[in-house]
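Everything below belongs to model33.txt, which stores compact mmCIF, C-alpha atoms.
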```
# COMPACT_ATOMS: atom_id res chain seq x y z
CA MET A 1 113.07 105.35 80.01
CA SER A 2 115.25 107.93 81.76
CA PHE A 3 115.25 106.21 85.14
CA ALA A 4 116.36 102.97 83.45
CA LEU A 5 119.59 104.58 82.24
CA SER A 6 122.42 105.94 84.32
CA PRO A 7 124.22 109.08 83.10
CA GLU A 8 127.16 106.84 82.15
CA GLN A 9 124.86 105.12 79.63
CA TYR A 10 123.71 108.32 77.92
CA LYS A 11 126.54 107.93 75.42
CA PHE A 12 124.50 105.08 73.91
CA LEU A 13 121.55 107.36 73.10
CA PRO A 14 121.30 107.56 69.31
CA LYS A 15 122.21 110.73 67.44
CA GLY A 16 120.18 112.00 64.52
CA PHE A 17 116.81 111.52 66.21
CA LYS A 18 114.30 113.89 67.74
CA HIS A 19 113.99 112.82 71.34
CA ILE A 20 110.56 113.37 72.90
CA PHE A 21 110.23 113.92 76.63
CA LEU A 22 106.80 113.38 78.15
CA ILE A 23 106.45 115.21 81.47
CA ARG A 24 103.71 115.19 84.06
CA HIS A 25 103.14 117.42 87.07
CA PRO A 26 104.93 115.84 90.06
CA LEU A 27 101.88 116.09 92.32
CA ARG A 28 99.94 113.99 89.81
CA VAL A 29 102.84 111.56 89.34
CA PHE A 30 103.44 110.80 93.00
CA ASN A 31 99.79 110.77 94.04
CA SER A 32 98.94 108.36 91.22
CA LEU A 33 102.07 106.26 91.73
CA ARG A 34 101.37 105.96 95.45
CA LYS A 35 97.78 104.79 94.87
CA SER A 36 98.76 102.34 92.12
CA VAL A 37 101.71 100.84 93.97
CA PHE A 38 99.76 100.48 97.20
CA ALA A 39 96.81 98.83 95.41
CA GLN A 40 98.99 96.46 93.40
CA HIS A 41 101.29 95.46 96.24
CA SER A 42 98.35 95.04 98.62
CA ALA A 43 96.57 92.78 96.12
CA LEU A 44 99.73 90.69 95.76
CA GLY A 45 100.29 90.49 99.54
CA MET A 46 103.67 92.20 99.23
CA LEU A 47 103.23 94.76 102.02
CA LYS A 48 103.95 94.12 105.69
CA GLY A 49 103.84 96.19 108.86
CA GLU A 50 103.39 99.93 108.44
CA SER A 51 103.81 99.55 104.68
CA ALA A 52 100.55 97.57 104.59
CA VAL A 53 98.59 100.49 106.05
CA GLU A 54 97.63 103.11 103.47
CA GLU A 55 98.12 106.01 105.90
CA THR A 56 101.72 104.99 106.72
CA PHE A 57 102.71 103.59 103.33
CA ASP A 58 105.55 105.68 101.82
CA VAL A 59 105.98 105.37 98.06
CA GLY A 60 109.70 106.20 98.24
CA ARG A 61 110.43 103.77 101.04
CA ASP A 62 108.05 100.95 100.14
CA TYR A 63 108.29 100.82 96.35
CA PRO A 64 111.33 98.70 95.49
CA PHE A 65 111.84 100.05 91.96
CA PRO A 66 115.01 102.20 91.94
CA ASN A 67 114.42 105.96 91.61
CA ALA A 68 110.72 105.64 90.74
CA GLY A 69 109.30 106.15 94.22
CA GLY A 70 111.35 109.14 95.29
CA GLY A 71 111.56 112.56 93.70
CA SER A 72 114.54 111.58 91.56
CA VAL A 73 112.43 110.28 88.67
CA HIS A 74 111.92 113.88 87.49
CA LYS A 75 115.60 114.61 88.02
CA ASP A 76 116.45 111.63 85.81
CA VAL A 77 114.21 112.90 83.00
CA TYR A 78 115.66 116.39 83.40
CA GLU A 79 119.27 115.18 83.27
CA MET A 80 118.64 113.11 80.16
CA TRP A 81 116.87 116.07 78.53
CA LYS A 82 119.85 118.34 79.31
CA TYR A 83 122.25 115.73 77.95
CA VAL A 84 120.30 115.40 74.69
CA LYS A 85 120.15 119.20 74.28
CA GLU A 86 123.83 119.73 75.02
CA ASN A 87 125.43 116.66 73.42
CA LEU A 88 123.35 115.17 70.63
CA GLY A 89 123.01 118.26 68.46
CA SER A 90 119.28 118.00 67.94
CA GLU A 91 116.30 119.78 69.38
CA SER A 92 114.36 117.82 71.92
CA ILE A 93 110.60 117.91 72.18
CA VAL A 94 108.90 118.35 75.56
CA VAL A 95 105.22 117.45 75.95
CA ASP A 96 103.13 117.89 79.08
CA SER A 97 100.94 114.81 79.40
CA ASP A 98 97.97 116.72 80.84
CA GLU A 99 97.95 119.07 77.87
CA LEU A 100 98.20 116.13 75.46
CA LEU A 101 95.29 114.37 77.18
CA THR A 102 93.15 117.50 77.30
CA ASN A 103 93.94 118.79 73.79
CA PRO A 104 95.09 115.82 71.70
CA ALA A 105 93.77 117.20 68.39
CA GLU A 106 95.93 120.30 68.85
CA ILE A 107 99.02 118.85 70.55
CA LEU A 108 99.52 115.59 68.63
CA PRO A 109 99.89 117.26 65.20
CA LYS A 110 102.48 119.62 66.74
CA ILE A 111 104.40 116.67 68.19
CA CYS A 112 104.39 114.90 64.83
CA ARG A 113 105.45 118.06 62.98
CA ALA A 114 108.27 118.76 65.47
CA ALA A 115 109.46 115.15 65.19
CA GLY A 116 109.22 115.09 61.40
CA LEU A 117 106.55 112.40 61.46
CA PRO A 118 103.34 112.27 59.44
CA TYR A 119 100.15 113.07 61.32
CA ASP A 120 96.81 111.46 60.69
CA GLU A 121 93.57 111.96 62.63
CA SER A 122 93.37 108.19 63.09
CA LEU A 123 96.04 108.63 65.80
CA LEU A 124 93.36 110.15 68.03
CA LYS A 125 91.39 106.89 68.41
CA TRP A 126 92.31 103.21 68.75
CA ASP A 127 90.88 99.77 69.43
CA GLU A 128 89.84 99.54 73.08
CA SER A 129 90.30 95.78 73.15
CA SER A 130 92.85 94.52 75.63
CA GLU A 131 94.08 92.27 72.81
CA VAL A 132 95.98 95.23 71.37
CA THR A 133 98.27 95.17 74.41
CA LYS A 134 99.66 91.84 73.24
CA SER A 135 101.36 93.69 70.36
CA TRP A 136 103.04 96.23 72.66
CA MET A 137 106.82 96.04 72.93
CA VAL A 138 107.44 95.48 76.64
CA PRO A 139 110.46 94.20 78.56
CA PHE A 140 108.78 91.04 79.84
CA GLU A 141 105.75 88.89 79.10
CA ASP A 142 102.47 89.81 80.82
CA LEU A 143 103.81 93.20 81.93
CA VAL A 144 100.56 94.99 81.12
CA GLU A 145 98.38 92.33 82.77
CA ASN A 146 100.56 92.36 85.89
CA PHE A 147 100.38 96.14 86.18
CA VAL A 148 96.64 96.62 85.74
CA TYR A 149 96.61 99.17 88.58
CA PHE A 150 98.95 101.30 86.48
CA PHE A 151 97.63 100.72 82.95
CA GLY A 152 93.95 99.86 83.47
CA ARG A 153 92.53 103.18 82.28
CA ALA A 154 94.74 103.18 79.18
CA ILE A 155 93.80 99.60 78.31
CA ARG A 156 90.07 100.35 78.59
CA SER A 157 90.26 103.56 76.55
CA SER A 158 89.68 104.06 72.84
CA GLU A 159 90.79 107.69 72.71
CA PHE A 160 92.65 110.28 74.73
CA LEU A 161 90.75 110.95 77.95
CA PRO A 162 91.11 114.29 79.75
CA ALA A 163 93.32 114.25 82.80
CA SER A 164 91.54 113.93 86.11
CA LYS A 165 91.33 116.94 88.41
CA MET A 166 94.65 118.01 89.91
CA PRO A 167 94.74 116.81 93.53
CA SER A 168 95.04 119.43 96.23
CA ARG A 169 98.16 119.37 98.39
CA ASP A 170 95.75 119.31 101.35
CA ASP A 171 94.30 115.99 100.15
CA VAL A 172 97.50 113.99 99.57
CA ARG A 173 99.79 112.13 101.95
CA PRO A 174 103.05 113.67 103.28
CA ASP A 175 105.26 111.41 101.13
CA VAL A 176 103.53 112.72 97.98
CA ILE A 177 104.19 116.32 99.04
CA ARG A 178 107.81 115.57 99.91
CA TYR A 179 108.59 113.98 96.53
CA THR A 180 106.57 116.61 94.66
CA ASP A 181 108.60 119.39 96.27
CA GLN A 182 111.86 117.64 95.35
CA ALA A 183 110.80 117.32 91.72
CA MET A 184 109.18 120.68 90.96
CA LYS A 185 112.32 122.55 89.87
CA TYR A 186 113.03 119.92 87.19
CA TYR A 187 109.45 119.85 85.98
CA ASP A 188 109.12 123.65 85.94
CA GLU A 189 112.16 124.18 83.72
CA MET A 190 111.02 121.59 81.20
CA TYR A 191 107.42 122.84 81.33
CA GLU A 192 108.59 126.26 80.14
CA VAL A 193 109.83 124.81 76.81
CA ARG A 194 106.98 122.35 76.19
CA ILE A 195 104.92 122.25 73.03
CA LYS A 196 102.03 124.60 73.72
CA VAL A 197 98.38 124.56 72.68
```
Please express the file's structure as structure tokens.
Amino acid sequence: MSFALSPEQYKFLPKGFKHIFLIRHPLRVFNSLRKSVFAQHSALGMLKGESAVEETFDVGRDYPFPNAGGGSVHKDVYEMWKYVKENLGSESIVVDSDELLTNPAEILPKICRAAGLPYDESLLKWDESSEVTKSWMVPFEDLVENFVYFFGRAIRSSEFLPASKMPSRDDVRPDVIRYTDQAMKYYDEMYEVRIKV
């Protein structure tokens, strides 16, 4: 949500709530985003010239969604987190997605407790049918179906699945490294205050 709001719109964030910030290591974010965007845009015939070649595709240059391709997506989350901490008078909750995926039975109860929500073990499993996605609140019809390269694993799951192996910097493209390096300082500060196992 953070990259959908400008800092001028933060004043509309509701007070009296516990805001939860889900973070993910930038190397994972940009490597995954690059693969998903390239696959989706290739399948839709949206890429031309050097953008249509995986080796020269650049997720920051060739992904038309504002802020999402470049390293600023982490900065946006960070700035919203700082605003909530400094202006809304409530503690925010930071959760690392890899830790949630790897240890859901330990992390999810802590999230619920910190947010003042009831926890039940049934939250650890769900119906794997793609029909459930029709009940999701999304900004436009068929969002999930149109973004199968992004949501496919989640749609096919029936429980939290451990995060895949962290990619090596030696195995990712230069654009991924560039955006990862831009984002690390924001991620690192938030990671220090995350809910821990």
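Counting from atom CA of A:Asp62, the distance to atom CA of A:Phe38 is 8.8 Å.
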Nearest to A:Leu124, chosen from A:Glu106, A:Asp58, A:Glu79, A:Glu189, with only C-alpha atoms counted in the distances: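 Among the listed residues, the smallest separation from A:Leu124 belongs to A:Glu106.
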Find the residues around A:Asp171 up to 10 Å (only C-alpha atoms counted), leave out those fewer than 4 positions away in its own chain, and share them as an MDAnalysis selection string. chainID A and resid 31 167 177
10 Å contact set for A:Pro118, only C-alpha atoms, chain neighbours under 6 positions out, as an MDAnalysis selection string: chainID A and resid 109 111:112
Among the residues A:Ser36, A:Ser92, A:Thr133, A:Asn103, the one that comes closest to A:His19 [using all atoms listed in the file]: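 Among the listed residues, the smallest separation from A:His19 belongs to A:Ser92.
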Which one is closest to A:Gly16: A:Lys185, A:Phe151, A:Glu91, A:Ser130? Count only C-alpha atoms. A:Glu91
